[in-house]
Every structure is written in structure tokens, then in C-alpha cells.
file coords-v4.tsv (TSV, C-alpha atoms)
chain	number	residue	atom	x	y	z
W	1	MET	CA	62.74	42.54	-16.70
W	2	ASN	CA	63.81	41.36	-13.27
W	3	GLN	CA	67.17	39.72	-13.08
W	4	PRO	CA	67.03	36.10	-11.95
W	5	LYS	CA	68.80	35.48	-8.65
W	6	PRO	CA	72.21	33.80	-8.94
W	7	LEU	CA	72.43	30.04	-8.60
W	8	TRP	CA	73.59	28.58	-5.32
W	9	ASN	CA	77.19	27.63	-4.78
W	10	PRO	CA	77.41	23.99	-6.01
W	11	TYR	CA	78.70	22.80	-2.61
W	12	ALA	CA	75.73	24.41	-0.83
W	13	ALA	CA	73.22	22.91	-3.28
W	14	GLY	CA	74.99	19.55	-3.00
W	15	ALA	CA	74.89	19.69	0.81
W	16	LEU	CA	71.12	20.36	0.76
W	17	LEU	CA	70.64	17.55	-1.76
W	18	GLY	CA	72.71	15.17	0.39
W	19	ALA	CA	70.82	16.15	3.55
W	20	GLY	CA	67.49	15.60	1.76
W	21	LEU	CA	68.71	12.22	0.55
W	22	LEU	CA	69.81	11.25	4.07
W	23	LEU	CA	66.39	12.29	5.39
W	24	THR	CA	64.79	10.11	2.71
W	25	PHE	CA	66.84	7.09	3.84
W	26	MET	CA	65.91	7.76	7.49
W	27	MET	CA	62.22	8.03	6.68
W	28	THR	CA	61.80	5.25	4.12
W	29	GLY	CA	64.94	3.08	4.14
W	30	HIS	CA	65.60	3.84	0.48
W	31	GLY	CA	66.78	6.80	-1.57
W	32	LEU	CA	65.35	9.19	-4.14
W	33	GLY	CA	64.40	8.27	-7.69
W	34	ALA	CA	62.75	9.36	-10.90
W	35	SER	CA	62.73	6.65	-13.58
W	36	GLY	CA	60.65	4.39	-11.33
W	37	PHE	CA	57.88	6.91	-11.80
W	38	THR	CA	58.22	7.27	-15.58
W	39	THR	CA	58.12	3.47	-15.85
W	40	ARG	CA	54.90	3.35	-13.85
W	41	LEU	CA	53.43	6.24	-15.85
W	42	THR	CA	54.26	4.43	-19.09
W	43	ALA	CA	52.55	1.28	-17.82
W	44	ALA	CA	49.48	3.28	-16.73
W	45	LEU	CA	49.16	5.09	-20.07
W	46	ALA	CA	49.83	1.91	-22.07
W	47	HIS	CA	47.14	0.16	-20.04
W	48	VAL	CA	44.62	2.84	-21.02
W	49	ALA	CA	45.64	2.76	-24.70
W	50	ALA	CA	46.04	-1.01	-25.10
W	51	PRO	CA	44.84	-2.90	-22.00
W	52	GLU	CA	45.28	-6.44	-23.32
W	53	ALA	CA	48.70	-5.93	-24.83
W	54	THR	CA	49.93	-4.24	-21.63
W	55	GLU	CA	48.60	-7.03	-19.40
W	56	ALA	CA	50.26	-9.61	-21.66
W	57	ASN	CA	53.59	-7.75	-21.71
W	58	SER	CA	56.31	-9.49	-19.73
W	59	TYR	CA	57.71	-6.22	-18.38
W	60	MET	CA	54.61	-4.15	-17.65
W	61	GLY	CA	52.10	-6.95	-17.05
W	62	SER	CA	52.85	-7.38	-13.36
W	63	MET	CA	52.38	-3.65	-12.76
W	64	VAL	CA	48.81	-3.65	-14.05
W	65	GLU	CA	47.58	-7.15	-13.18
W	66	ASP	CA	44.37	-7.62	-11.18
W	67	GLY	CA	43.34	-4.03	-11.76
W	68	ALA	CA	46.38	-2.64	-9.95
W	69	ASN	CA	47.16	1.03	-10.52
W	70	PRO	CA	50.89	1.30	-11.25
W	71	LEU	CA	50.89	4.91	-10.09
W	72	ASP	CA	49.76	3.94	-6.59
W	73	SER	CA	53.27	4.17	-5.16
W	74	TRP	CA	55.53	6.31	-2.98
W	75	ILE	CA	57.61	7.33	-6.00
W	76	THR	CA	54.58	9.06	-7.57
W	77	TRP	CA	54.29	11.39	-4.57
W	78	GLN	CA	58.03	11.91	-4.50
W	79	VAL	CA	58.04	13.01	-8.16
W	80	ILE	CA	55.05	15.31	-7.53
W	81	GLY	CA	57.11	16.79	-4.68
W	82	LEU	CA	60.12	17.04	-7.00
W	83	ALA	CA	58.04	18.98	-9.53
W	84	LEU	CA	56.59	21.31	-6.87
W	85	GLY	CA	59.99	21.89	-5.25
W	86	ALA	CA	61.48	22.78	-8.63
W	87	LEU	CA	58.58	25.10	-9.43
W	88	ILE	CA	58.84	26.91	-6.08
W	89	ALA	CA	62.61	27.26	-6.48
W	90	ALA	CA	62.35	28.54	-10.08
W	91	VAL	CA	59.57	31.04	-9.35
W	92	THR	CA	61.12	32.42	-6.15
W	93	ALA	CA	64.47	32.87	-7.91
W	94	GLY	CA	62.86	34.63	-10.87
W	95	ARG	CA	64.03	31.86	-13.17
W	96	PHE	CA	60.66	30.60	-14.45
W	97	ARG	CA	60.51	31.32	-18.19
W	98	ILE	CA	58.84	29.53	-21.07
W	99	THR	CA	61.78	28.80	-23.31
W	100	VAL	CA	63.55	26.10	-25.30
W	101	ASP	CA	66.98	25.23	-23.94
W	102	GLY	CA	69.47	23.12	-25.84
W	103	PRO	CA	72.29	23.57	-28.35
W	104	GLY	CA	71.99	27.21	-29.45
W	105	ARG	CA	73.31	26.63	-32.96
W	106	LEU	CA	70.48	24.26	-33.82
W	107	LYS	CA	66.94	25.19	-34.84
W	108	ILE	CA	64.25	24.78	-32.20
W	109	GLY	CA	62.68	21.84	-34.04
W	110	THR	CA	66.01	20.00	-34.14
W	111	ARG	CA	66.60	20.71	-30.45
W	112	LEU	CA	63.22	19.24	-29.56
W	113	LEU	CA	63.89	16.19	-31.72
W	114	LEU	CA	67.20	15.67	-29.88
W	115	ALA	CA	65.44	16.12	-26.53
W	116	PHE	CA	62.93	13.43	-27.49
W	117	ALA	CA	65.64	11.04	-28.70
W	118	GLY	CA	67.77	11.69	-25.61
W	119	GLY	CA	64.78	10.98	-23.36
W	120	ALA	CA	64.04	7.71	-25.13
W	121	ILE	CA	67.70	6.57	-24.92
W	122	ALA	CA	67.98	7.60	-21.26
W	123	ALA	CA	64.81	5.72	-20.32
W	124	PHE	CA	65.96	2.59	-22.13
W	125	GLY	CA	69.25	2.77	-20.25
W	126	ALA	CA	67.60	3.42	-16.90
W	127	ARG	CA	65.41	0.33	-17.35
W	128	MET	CA	68.48	-1.80	-18.09
W	129	SER	CA	70.26	-0.64	-14.94
W	130	LEU	CA	67.12	-0.58	-12.75
W	131	GLY	CA	67.67	3.08	-11.96
W	132	CYS	CA	68.73	6.43	-13.36
W	133	THR	CA	71.08	9.16	-12.21
W	134	SER	CA	68.87	9.73	-9.15
W	135	GLY	CA	68.07	6.19	-8.10
W	136	LEU	CA	71.38	4.53	-8.89
W	137	GLY	CA	73.94	7.28	-9.52
W	138	LEU	CA	73.03	9.42	-6.52
W	139	SER	CA	71.14	7.19	-4.07
W	140	GLY	CA	73.12	4.06	-4.91
W	141	ALA	CA	76.50	5.77	-4.67
W	142	ALA	CA	75.49	7.36	-1.35
W	143	THR	CA	75.14	3.85	0.11
W	144	LEU	CA	78.61	3.21	-1.40
W	145	ALA	CA	77.04	0.47	-3.53
W	146	THR	CA	79.33	-0.92	-6.23
W	147	ALA	CA	76.36	-0.67	-8.62
W	148	GLY	CA	76.08	3.09	-8.07
W	149	PHE	CA	79.72	3.73	-8.94
W	150	LEU	CA	79.73	1.34	-11.92
W	151	PHE	CA	76.68	3.20	-13.23
W	152	LEU	CA	78.38	6.59	-12.73
W	153	ILE	CA	81.50	5.41	-14.59
W	154	GLY	CA	79.38	4.36	-17.59
W	155	PHE	CA	77.34	7.57	-17.31
W	156	PHE	CA	80.24	10.04	-17.22
W	157	ALA	CA	82.44	8.22	-19.75
W	158	THR	CA	79.68	7.96	-22.35
W	159	GLY	CA	78.21	11.35	-21.50
W	160	ALA	CA	81.60	12.99	-22.01
W	161	GLY	CA	82.14	11.14	-25.31
W	162	PHE	CA	78.79	12.20	-26.73
W	163	GLY	CA	79.10	15.59	-25.02
W	164	LEU	CA	82.28	16.37	-26.93
W	165	LEU	CA	80.65	15.20	-30.18
W	166	MET	CA	77.76	17.58	-29.51
W	167	LYS	CA	80.06	20.44	-28.54
W	168	ARG	CA	80.04	22.12	-31.94
W	169	PHE	CA	76.27	22.63	-31.76
W	170	TRP	CA	76.63	24.71	-28.57
W	171	GLN	CA	77.53	28.38	-28.61
T	172	MET	CA	62.28	5.91	17.64
T	173	THR	CA	63.77	3.37	15.26
T	174	PHE	CA	65.26	4.12	11.87
T	175	PRO	CA	64.39	3.84	9.08
T	176	MET	CA	60.98	5.01	10.26
T	177	ALA	CA	59.22	2.99	7.53
T	178	ILE	CA	57.12	5.97	6.51
T	179	SER	CA	55.97	5.42	2.98
T	180	GLY	CA	52.96	7.70	2.80
T	181	VAL	CA	52.02	10.70	0.74
T	182	ALA	CA	53.59	13.23	3.11
T	183	SER	CA	57.04	11.62	3.17
T	184	GLY	CA	57.06	11.37	-0.63
T	185	LEU	CA	56.09	15.01	-0.99
T	186	ILE	CA	58.60	16.28	1.61
T	187	CYS	CA	61.54	14.29	0.24
T	188	GLY	CA	60.60	15.25	-3.32
T	189	LEU	CA	60.26	18.95	-2.44
T	190	ILE	CA	63.79	19.12	-1.03
T	191	PHE	CA	65.09	17.14	-4.01
T	192	GLY	CA	63.48	19.43	-6.60
T	193	PHE	CA	64.35	22.62	-4.75
T	194	ALA	CA	68.03	21.66	-4.41
T	195	LEU	CA	68.29	20.60	-8.07
T	196	GLU	CA	66.78	23.87	-9.30
T	197	ARG	CA	68.98	26.01	-7.03
T	198	ALA	CA	72.00	24.09	-8.34
T	199	GLY	CA	71.02	25.18	-11.87
T	200	PHE	CA	70.04	21.66	-12.96
T	201	ALA	CA	66.87	22.88	-14.68
T	202	SER	CA	69.09	23.92	-17.58
T	203	GLY	CA	70.12	21.36	-20.15
T	204	CYS	CA	72.90	23.72	-21.10
T	205	LYS	CA	74.29	23.73	-17.55
T	206	LEU	CA	73.96	19.94	-17.20
T	207	THR	CA	75.67	19.15	-20.48
T	208	ALA	CA	78.35	21.82	-19.87
T	209	GLN	CA	79.78	19.25	-17.42
T	210	LEU	CA	79.97	16.71	-20.25
T	211	ARG	CA	81.82	19.30	-22.38
T	212	PHE	CA	84.10	20.02	-19.37
T	213	ARG	CA	83.05	23.66	-19.37
T	214	ASP	CA	81.43	23.71	-15.94
T	215	TRP	CA	82.11	21.32	-13.08
T	216	ALA	CA	78.95	22.10	-11.11
T	217	VAL	CA	77.31	18.74	-11.84
T	218	PHE	CA	80.30	16.87	-10.49
T	219	LYS	CA	80.55	19.13	-7.43
T	220	VAL	CA	76.85	18.95	-6.58
T	221	MET	CA	76.62	15.18	-7.07
T	222	PHE	CA	79.85	14.41	-5.22
T	223	THR	CA	78.97	16.71	-2.32
T	224	ALA	CA	75.50	15.16	-2.02
T	225	ILE	CA	76.92	11.62	-2.15
T	226	LEU	CA	79.55	12.48	0.49
T	227	VAL	CA	77.11	14.23	2.86
T	228	CYS	CA	74.62	11.38	2.68
T	229	ALA	CA	77.27	8.63	2.80
T	230	LEU	CA	78.89	10.23	5.86
T	231	GLY	CA	75.49	10.50	7.53
T	232	LEU	CA	74.66	6.86	6.78
T	233	TYR	CA	78.11	5.83	8.08
T	234	LEU	CA	77.63	7.68	11.38
T	235	LEU	CA	74.08	6.32	11.78
T	236	ASP	CA	75.45	2.81	11.24
T	237	LEU	CA	78.41	3.36	13.58
T	238	THR	CA	76.20	4.59	16.41
T	239	GLY	CA	73.68	1.83	15.84
T	240	VAL	CA	70.87	4.31	15.20
T	241	MET	CA	70.24	2.94	11.71
T	242	PRO	CA	72.25	-0.19	10.82
T	243	SER	CA	73.27	-0.30	7.17
T	244	GLU	CA	71.48	-3.66	6.74
T	245	MET	CA	68.24	-1.73	7.16
T	246	ILE	CA	68.64	0.38	4.04
T	247	TYR	CA	68.26	-0.52	0.38
T	248	ILE	CA	71.56	-1.08	-1.41
T	249	PRO	CA	71.30	-1.90	-5.12
T	250	THR	CA	72.95	-5.01	-6.55
T	251	THR	CA	75.33	-4.88	-9.50
T	252	TYR	CA	74.58	-6.73	-12.73
T	253	VAL	CA	77.78	-5.89	-14.54
T	254	TRP	CA	76.43	-5.50	-18.09
T	255	ALA	CA	73.02	-4.13	-17.20
T	256	THR	CA	74.37	-1.60	-14.68
T	257	LEU	CA	77.19	-0.43	-16.94
T	258	LEU	CA	75.09	-0.29	-20.14
T	259	GLY	CA	72.34	1.50	-18.23
T	260	GLY	CA	74.85	4.17	-17.26
T	261	VAL	CA	75.97	4.33	-20.90
T	262	GLY	CA	72.37	4.88	-22.02
T	263	VAL	CA	71.58	7.53	-19.43
T	264	GLY	CA	74.90	9.31	-20.16
T	265	ALA	CA	74.29	9.29	-23.91
T	266	GLY	CA	70.71	10.40	-23.34
T	267	MET	CA	71.86	13.38	-21.29
T	268	ALA	CA	74.53	14.42	-23.81
T	269	ILE	CA	72.01	14.20	-26.68
T	270	GLY	CA	68.83	15.38	-25.00
T	271	GLY	CA	70.17	17.58	-22.20
T	272	TYR	CA	68.69	15.87	-19.12
T	273	CYS	CA	68.23	12.75	-17.07
T	274	PRO	CA	64.79	11.57	-15.89
T	275	GLY	CA	64.74	13.63	-12.66
T	276	THR	CA	66.22	16.81	-14.09
T	277	SER	CA	63.79	16.76	-17.04
T	278	VAL	CA	60.98	17.26	-14.51
T	279	VAL	CA	62.89	20.13	-12.88
T	280	SER	CA	63.49	21.57	-16.35
T	281	PHE	CA	59.89	21.67	-17.51
T	282	MET	CA	58.71	22.96	-14.14
T	283	SER	CA	61.00	25.95	-14.76
T	284	GLY	CA	59.31	26.51	-18.12
T	285	ARG	CA	61.60	24.65	-20.52
T	286	ILE	CA	59.76	23.00	-23.40
T	287	ASP	CA	62.71	20.76	-24.28
T	288	GLY	CA	62.56	19.33	-20.75
T	289	LEU	CA	58.93	18.37	-21.31
T	290	VAL	CA	59.78	16.79	-24.68
T	291	PHE	CA	62.62	14.85	-23.03
T	292	PHE	CA	60.12	13.61	-20.43
T	293	VAL	CA	57.74	12.43	-23.18
T	294	GLY	CA	60.75	10.73	-24.80
T	295	LEU	CA	61.29	8.85	-21.53
T	296	LEU	CA	57.83	7.29	-21.83
T	297	PHE	CA	58.51	6.12	-25.38
T	298	GLY	CA	61.93	4.74	-24.41
T	299	THR	CA	60.31	2.79	-21.59
T	300	LEU	CA	57.70	1.46	-24.02
T	301	ALA	CA	60.46	0.39	-26.43
T	302	PHE	CA	62.29	-1.34	-23.56
T	303	SER	CA	59.19	-3.27	-22.54
T	304	GLY	CA	58.84	-4.41	-26.16
T	305	VAL	CA	62.28	-6.04	-26.22
T	306	TYR	CA	62.54	-6.95	-22.52
T	307	GLU	CA	62.26	-10.70	-23.03
T	308	ARG	CA	65.02	-10.76	-25.64
T	309	LEU	CA	67.24	-8.60	-23.41
T	310	GLU	CA	66.79	-10.68	-20.27
T	311	PRO	CA	69.93	-12.83	-20.75
T	312	VAL	CA	72.03	-9.64	-20.89
T	313	LEU	CA	70.20	-8.02	-18.00
T	314	ASP	CA	70.70	-11.01	-15.71
T	315	ALA	CA	74.31	-11.67	-16.72
T	316	LEU	CA	77.22	-11.41	-14.29
T	317	PRO	CA	75.34	-10.56	-11.10
T	318	GLY	CA	77.57	-9.30	-8.33
T	319	PRO	CA	77.14	-10.23	-4.67
T	320	GLU	CA	73.80	-8.94	-3.44
T	321	ALA	CA	73.88	-5.35	-2.17
T	322	GLN	CA	77.66	-5.22	-2.44
T	323	THR	CA	79.39	-2.00	-1.43
T	324	VAL	CA	82.74	-0.59	-2.54
T	325	PRO	CA	84.30	-1.17	0.94
T	326	GLN	CA	83.27	-4.85	0.65
T	327	LEU	CA	84.58	-5.09	-2.91
T	328	LEU	CA	87.96	-3.60	-2.01
T	329	HIS	CA	88.14	-5.13	1.49
T	330	LEU	CA	88.66	-1.69	2.99
T	331	PRO	CA	87.04	-0.07	6.02
T	332	THR	CA	84.20	2.28	5.09
T	333	TRP	CA	85.99	5.31	6.48
T	334	VAL	CA	88.94	4.75	4.12
T	335	VAL	CA	86.58	4.80	1.12
T	336	LEU	CA	84.90	7.95	2.46
T	337	VAL	CA	88.26	9.69	2.89
T	338	ALA	CA	89.29	8.62	-0.63
T	339	LEU	CA	86.05	10.04	-2.09
T	340	LEU	CA	86.57	13.25	-0.11
T	341	ALA	CA	90.10	13.48	-1.48
T	342	VAL	CA	88.79	13.12	-5.06
T	343	ALA	CA	86.19	15.84	-4.42
T	344	VAL	CA	88.78	18.20	-2.90
T	345	VAL	CA	91.35	17.67	-5.67
T	346	VAL	CA	88.84	18.04	-8.53
T	347	GLY	CA	87.24	21.00	-6.76
T	348	TRP	CA	90.61	22.70	-6.39
T	349	LEU	CA	91.63	22.05	-10.00
T	350	THR	CA	88.33	23.43	-11.32
T	351	ARG	CA	87.98	26.35	-8.89
T	352	GLY	CA	87.36	29.84	-10.13
T	353	PRO	CA	84.47	31.59	-11.82
T	354	VAL	CA	82.24	29.68	-14.19
T	355	PRO	CA	81.37	31.30	-17.51
T	356	ASP	CA	77.61	31.03	-17.11
T	357	ALA	CA	76.55	33.65	-19.63
T	358	PRO	CA	76.01	31.12	-22.46
T	359	CYS	CA	73.67	29.14	-20.18
T	360	ALA	CA	71.53	32.09	-19.10
T	361	THR	CA	67.95	31.90	-20.30
T	362	PRO	CA	67.51	33.56	-23.69
T	363	SER	CA	65.28	36.31	-22.36
T	364	SER	CA	67.62	37.24	-19.53
T	365	ARG	CA	70.52	37.08	-21.93
T	366	ALA	CA	68.74	39.57	-24.17
T	367	SER	CA	67.88	41.82	-21.25
T	368	THR	CA	71.42	41.99	-19.95
T	369	ALA	CA	72.91	42.21	-23.44
T	370	GLN	CA	76.20	41.03	-22.03
T	371	PRO	CA	78.96	40.16	-24.42
T	372	ARG	CA	79.74	36.47	-24.22
T	373	ILE	CA	82.84	36.13	-22.17
T	374	GLY	CA	85.31	33.59	-20.92
T	375	GLY	CA	85.01	30.02	-22.06
T	376	ALA	CA	82.28	30.81	-24.56
T	377	THR	CA	84.65	32.78	-26.72
T	378	ARG	CA	87.43	30.26	-26.30
T	379	ASN	CA	85.06	27.49	-27.12
T	380	ALA	CA	83.96	29.12	-30.35
T	381	THR	CA	87.45	29.45	-31.71
call {"tool": "encode", "arguments": {"input": "coords-v4.tsv", "output": "C-alpha cells"}}
result
Amino acid sequence: MNQPKPLWNPYAAGALLGAGLLLTFMMTGHGLGASGFTTRLTAALAHVAAPEATEANSYMGSMVEDGANPLDSWITWQVIGLALGALIAAVTAGRFRITVDGPGRLKIGTRLLLAFAGGAIAAFGARMSLGCTSGLGLSGAATLATAGFLFLIGFFATGAGFGLLMKRFWQ
Amino acid sequence: MTFPMAISGVASGLICGLIFGFALERAGFASGCKLTAQLRFRDWAVFKVMFTAILVCALGLYLLDLTGVMPSEMIYIPTTYVWATLLGGVGVGAGMAIGGYCPGTSVVSFMSGRIDGLVFFVGLLFGTLAFSGVYERLEPVLDALPGPEAQTVPQLLHLPTWVVLVALLAVAVVVGWLTRGPVPDAPCATPSSRASTAQPRIGGATRNAT
């Protein structure tokens, strides 16, 4: 089997990420994001499954009112680009492999259950703060916004607390 | 040409997203193991990548503002809602420690073939649905303690922007120096490559197990 190429130096990857983020600000006036898309996708899927309940919902209603398509937004294209960029990078580095990551001491089923729970908790948090690690932690902090740094403090403090609790499940 | 260029079409979304996804994958952020290794203080790559990106972009925005090419009033700066912003960070941090990813990196993860990244992504949709179910009851918390609109750290601390940039650079340099040296990445290699190399687990992995 071919060896995957080594990862980039973190400072090099960070510099490319920062340059891409700066380009995004220069093109659009705002930064990069991710949870904006998952929110819109949730609204779109909920609208298919339960149109009336979604239209009546105080959070998602405005996204689907008057036949609007919540996915008709810049962030949708940005996340498609994100997915393609990641795919190109993984394939060209020989790192694309169907696998289950996660704490190695846990069974695959447990790992997937934790992944699901983590996703649900992260999305709930990102909706409270109006942004996730990308939209608020990275893009917000790059504008030196107080909100970006407050978010990062909560993120790293809690992440480290739970990270140390989870430590024993990792090899 | 004036900046921002107010391009909000398909092409700009795809281009910005492509760079974003490419950089995150090359940083190793497709791996939940690598991402959470930061939270276990095993690997400082997440801090280094994020801090470098923030510094590069912040310096660029500062210079564009200074030269008048793109005044900072023209860009989107989020507003703090003390409880909502802080608790949101708490949720996303807990979510990453438990599930391995954040919303953006879960996409990078499943595009590199990781099933747990896809499951995390599906979890995001259910978490969003749960949030929309309790949104009305949460609103008093979400709207509480709003900060000044689009407030920045230099405004908060009454310091010139360049002082804040130098302070952030100093933090990055000090943390980078303290955590220099090789990273034990063997435990985070993909299972198949781990099997193919058949390397003994070295460094922090062994220390960690004891």
C-alpha cells in the first residue's frame, strides 16, 4: 500500500488558511463558515418531511416562508467547495480511506454513537452562538471581534475538560 | 477596484471553500484523533494552525484598513451576546471532545473517507432540529447581555490594533516555542496505514498509556 504523504507543517497550513480567509473577506466582506449551511440544510430537509410544522417554527419558519429555498445561499457553494477541496487534498496526498476514526479503545458502534451525540451538541452550541469554530472562532477572531475570542475561550476550556475525560478511551 | 468586491456568486463560494477545505485537510484536520489530540494536550497543531490563520488574516485586514483599501467598517464583525456566545463555544468544544469534530471539519473528515465524520454531520442536523424546537424558550438567554455592536478586542481594551496583533503574535510564538519538537502522530495514522507500516507506537502514545 502506498504511504500517505506527510501532513503540512501547521504554520504552512495555517498561513494558507489565513490567506484563503483574507481572500474571502476581500471578495465577500465576510468570512468562512460551516454551521450556517447545516442550519439551512436542516430547514430544507424538515420542510420536506413536515412542511407545516417547519413553516410554523419560530426558528426555521423565516428560512422557508413564501416558498424560499433555504439552500439558495453563498454558504451552500462555500461548503460544496470545502468538501471538494478536502477531497482533492485527501486523494492527492494518498490519505483517502474508508475508515472509522475515534477513540481506539471503544467499539465502532460506540464511536459512531459518540460522533452522533457530539455532532448534535456542537450544532446546538453553534446555533446559540450564531456561528461555529469556522464562522465565529476563526473568521470572528480574525476580525479581532470580542465575540470570536469569547467563543474560543469557551470552546478550548470546555473542549479540554471533556477531552481529558475522554482521554482514557484513546490509545 | 473597491473592496470588499461584493461578489457573492457560485464561483466565489466554490473558490473560497476549495482553499478552506484543502488547507484543513493538509493540516490533518480530517482526523478526529488529530483534532481531539489538541484537547488532550498531545498535539498542538490545532492551536498553531488556528492561531497562524487568525494572525495572517488579521494582519492582512489591518493593513487593508490602514491603507484605506478596505476599511474595517466594510467587513462583517460579529456582535457578542455574553451568554449565547460563551455557551455556544462550550457546546462546540464539548461536541468536538465527544464526537471528534466541529461542523466544518466533519465535512473534511467524511470527504477523506471517515464514517464517523459523516455520522457527526448527521448529528449536526439533529442538534439543529432540537435547537429549533426549544428556540422560543431559549430566546431570553440568547438575547441577554448584548455587547456593543461589532465590538473588537482593541475597542474593548482601548488599545491600538497593532498592540493587540503584537500580543497575539507573542502568544503564538511563546506557545509554539514551548510545544516545539516532533509530534507523536503514529496513534493518529489511519488504521490501514498503521497496519501497513507496523510501527511500534512511540513517544507520547506509550507515555499516555501508562
call {"tool": "atom_distance", "arguments": {"input": "coords-v4.tsv", "atom1": "CA of Leu206 (chain T)", "atom2": "CA of Pro103 (chain W)"}}
result
11.8 Å
call {"tool": "residues_around", "arguments": {"input": "coords-v4.tsv", "residues": "Ser280 (chain T)", "least_positions_apart": "5", "cutoff": "9 Å", "atoms": "all atoms listed in the file", "output": "PDB file with C-alpha atoms, in the coordinates of the input"}}
result
ATOM      1  CA  ALA W  86      61.480  22.780  -8.630  1.00  0.00           C
TER       2      ALA W  86
ATOM      3  CA  GLU T 196      66.780  23.870  -9.300  1.00  0.00           C
ATOM      4  CA  PHE T 200      70.040  21.660 -12.960  1.00  0.00           C
ATOM      5  CA  ALA T 201      66.870  22.880 -14.680  1.00  0.00           C
ATOM      6  CA  SER T 202      69.090  23.920 -17.580  1.00  0.00           C
ATOM      7  CA  GLY T 203      70.120  21.360 -20.150  1.00  0.00           C
ATOM      8  CA  TYR T 272      68.690  15.870 -19.120  1.00  0.00           C
ATOM      9  CA  GLY T 275      64.740  13.630 -12.660  1.00  0.00           C
ATOM     10  CA  ARG T 285      61.600  24.650 -20.520  1.00  0.00           C
ATOM     11  CA  ILE T 286      59.760  23.000 -23.400  1.00  0.00           C
ATOM     12  CA  ASP T 287      62.710  20.760 -24.280  1.00  0.00           C
ATOM     13  CA  GLY T 288      62.560  19.330 -20.750  1.00  0.00           C
ATOM     14  CA  LEU T 289      58.930  18.370 -21.310  1.00  0.00           C
TER      15      LEU T 289
END
call {"tool": "closest_residue", "arguments": {"input": "coords-v4.tsv", "among": "W:Gly119, W:Trp170, W:Leu23, W:Pro6", "to": "chain T", "atoms": "all atoms listed in the file"}}
result
W:Gly119
call {"tool": "closest_residue", "arguments": {"input": "coords-v4.tsv", "among": "T:Thr238, T:Gln326, T:Thr276, T:Thr223", "to": "chain W", "atoms": "all atoms listed in the file"}}
result
T:Thr223
call {"tool": "residues_near_point", "arguments": {"input": "coords-v4.tsv", "point": "(73.4, 16.5, -0.5)", "cutoff": "9 Å", "atoms": "all atoms listed in the file", "output": "VMD selection string"}}
result
(chain W and resid 11 to 22) or (chain T and resid 194 220 to 228)
call {"tool": "residues_around", "arguments": {"input": "coords-v4.tsv", "residues": "Ser35 (chain W)", "least_positions_apart": "5", "cutoff": "12 Å", "atoms": "only C-alpha atoms", "output": "ChimeraX atom specification"}}
result
/W:40-42,75-76,78-79,119-120,122-137 /T:259,263,273-278,292,295-296,298-299
call {"tool": "residues_around", "arguments": {"input": "coords-v4.tsv", "residues": "Phe212 (chain T)", "least_positions_apart": "4", "cutoff": "9 Å", "atoms": "all atoms listed in the file", "output": "PyMOL selection string"}}
result
(chain W and resi 160+163-164) or (chain T and resi 207-208)
call {"tool": "residues_around", "arguments": {"input": "coords-v4.tsv", "residues": "Ala43 (chain W)", "least_positions_apart": "5", "cutoff": "12 Å", "atoms": "all atoms listed in the file", "output": "MDAnalysis selection string"}}
result
(chainID W and resid 36:38 48:65 68:72) or (chainID T and resid 296:304)
call {"tool": "residues_around", "arguments": {"input": "coords-v4.tsv", "residues": "Ile248 (chain T)", "least_positions_apart": "2", "cutoff": "9 Å", "atoms": "all atoms listed in the file", "output": "list in words"}}
result
His30, Ser139, Gly140, Thr143, Leu144, Ala145 and Ala147 of chain W; Ser243, Glu244, Ile246, Thr250, Glu320, Ala321, Gln322 and Thr323 of chain T
call {"tool": "atom_distance", "arguments": {"input": "coords-v4.tsv", "atom1": "CA of Val354 (chain T)", "atom2": "CA of Asp214 (chain T)"}}
result
6.3 Å
call {"tool": "closest_residue", "arguments": {"input": "coords-v4.tsv", "among": "T:Val305, T:Met176, T:Gly184, T:Val253", "to": "Ser73 (chain W)", "atoms": "only C-alpha atoms"}}
result
T:Gly184
call {"tool": "axis_aligned_box", "arguments": {"input": "coords-v4.tsv", "around": "region 283-295 of chain T", "padding_each_side": "3 Å", "output": "lines of an AutoDock Vina configuration file"}}
result
center_x = 60.2
center_y = 17.7
center_z = -19.8
size_x = 11.0
size_y = 23.7
size_z = 16.0
call {"tool": "closest_residue", "arguments": {"input": "coords-v4.tsv", "among": "T:Gly347, T:Gly266, T:Gly188, T:Pro317", "to": "Leu32 (chain W)", "atoms": "only C-alpha atoms"}}
result
T:Gly188
call {"tool": "closest_residue", "arguments": {"input": "coords-v4.tsv", "among": "W:Val91, W:Met166, W:Gly33, W:Gln3", "to": "Gly104 (chain W)", "atoms": "all atoms listed in the file"}}
result
W:Met166
call {"tool": "closest_residue", "arguments": {"input": "coords-v4.tsv", "among": "T:Met245, T:Leu234, T:Leu210, T:Leu330", "to": "Phe162 (chain W)", "atoms": "all atoms listed in the file"}}
result
T:Leu210
call {"tool": "build_atoms", "arguments": {"input": "coords-v4.tsv", "residues": "region 340-352 of chain T", "atoms": "N, CA and C atoms", "output": "tab-separated table (two decimals), in the coordinates of the input"}}
result
chain	number	residue	atom	x	y	z
T	340	LEU	N	86.39	11.84	-0.50
T	340	LEU	CA	86.57	13.25	-0.11
T	340	LEU	C	87.80	13.83	-0.79
T	341	ALA	N	88.86	13.02	-0.84
T	341	ALA	CA	90.10	13.48	-1.48
T	341	ALA	C	89.85	13.77	-2.96
T	342	VAL	N	89.11	12.90	-3.64
T	342	VAL	CA	88.79	13.12	-5.06
T	342	VAL	C	88.01	14.43	-5.21
T	343	ALA	N	87.02	14.63	-4.34
T	343	ALA	CA	86.19	15.84	-4.42
T	343	ALA	C	87.04	17.10	-4.20
T	344	VAL	N	87.94	17.04	-3.22
T	344	VAL	CA	88.78	18.20	-2.90
T	344	VAL	C	89.73	18.52	-4.06
T	345	VAL	N	90.37	17.46	-4.59
T	345	VAL	CA	91.35	17.67	-5.67
T	345	VAL	C	90.66	18.22	-6.92
T	346	VAL	N	89.55	17.57	-7.34
T	346	VAL	CA	88.84	18.04	-8.53
T	346	VAL	C	88.29	19.44	-8.29
T	347	GLY	N	87.77	19.68	-7.09
T	347	GLY	CA	87.24	21.00	-6.76
T	347	GLY	C	88.31	22.08	-6.84
T	348	TRP	N	89.51	21.73	-6.37
T	348	TRP	CA	90.61	22.70	-6.39
T	348	TRP	C	91.07	22.97	-7.82
T	349	LEU	N	91.17	21.90	-8.62
T	349	LEU	CA	91.63	22.05	-10.00
T	349	LEU	C	90.64	22.85	-10.85
T	350	THR	N	89.36	22.78	-10.50
T	350	THR	CA	88.33	23.43	-11.32
T	350	THR	C	87.73	24.63	-10.60
T	351	ARG	N	88.49	25.19	-9.63
T	351	ARG	CA	87.98	26.35	-8.89
T	351	ARG	C	87.93	27.56	-9.83
T	352	GLY	N	87.39	28.63	-9.32
T	352	GLY	CA	87.36	29.84	-10.13
T	352	GLY	C	85.99	30.06	-10.74
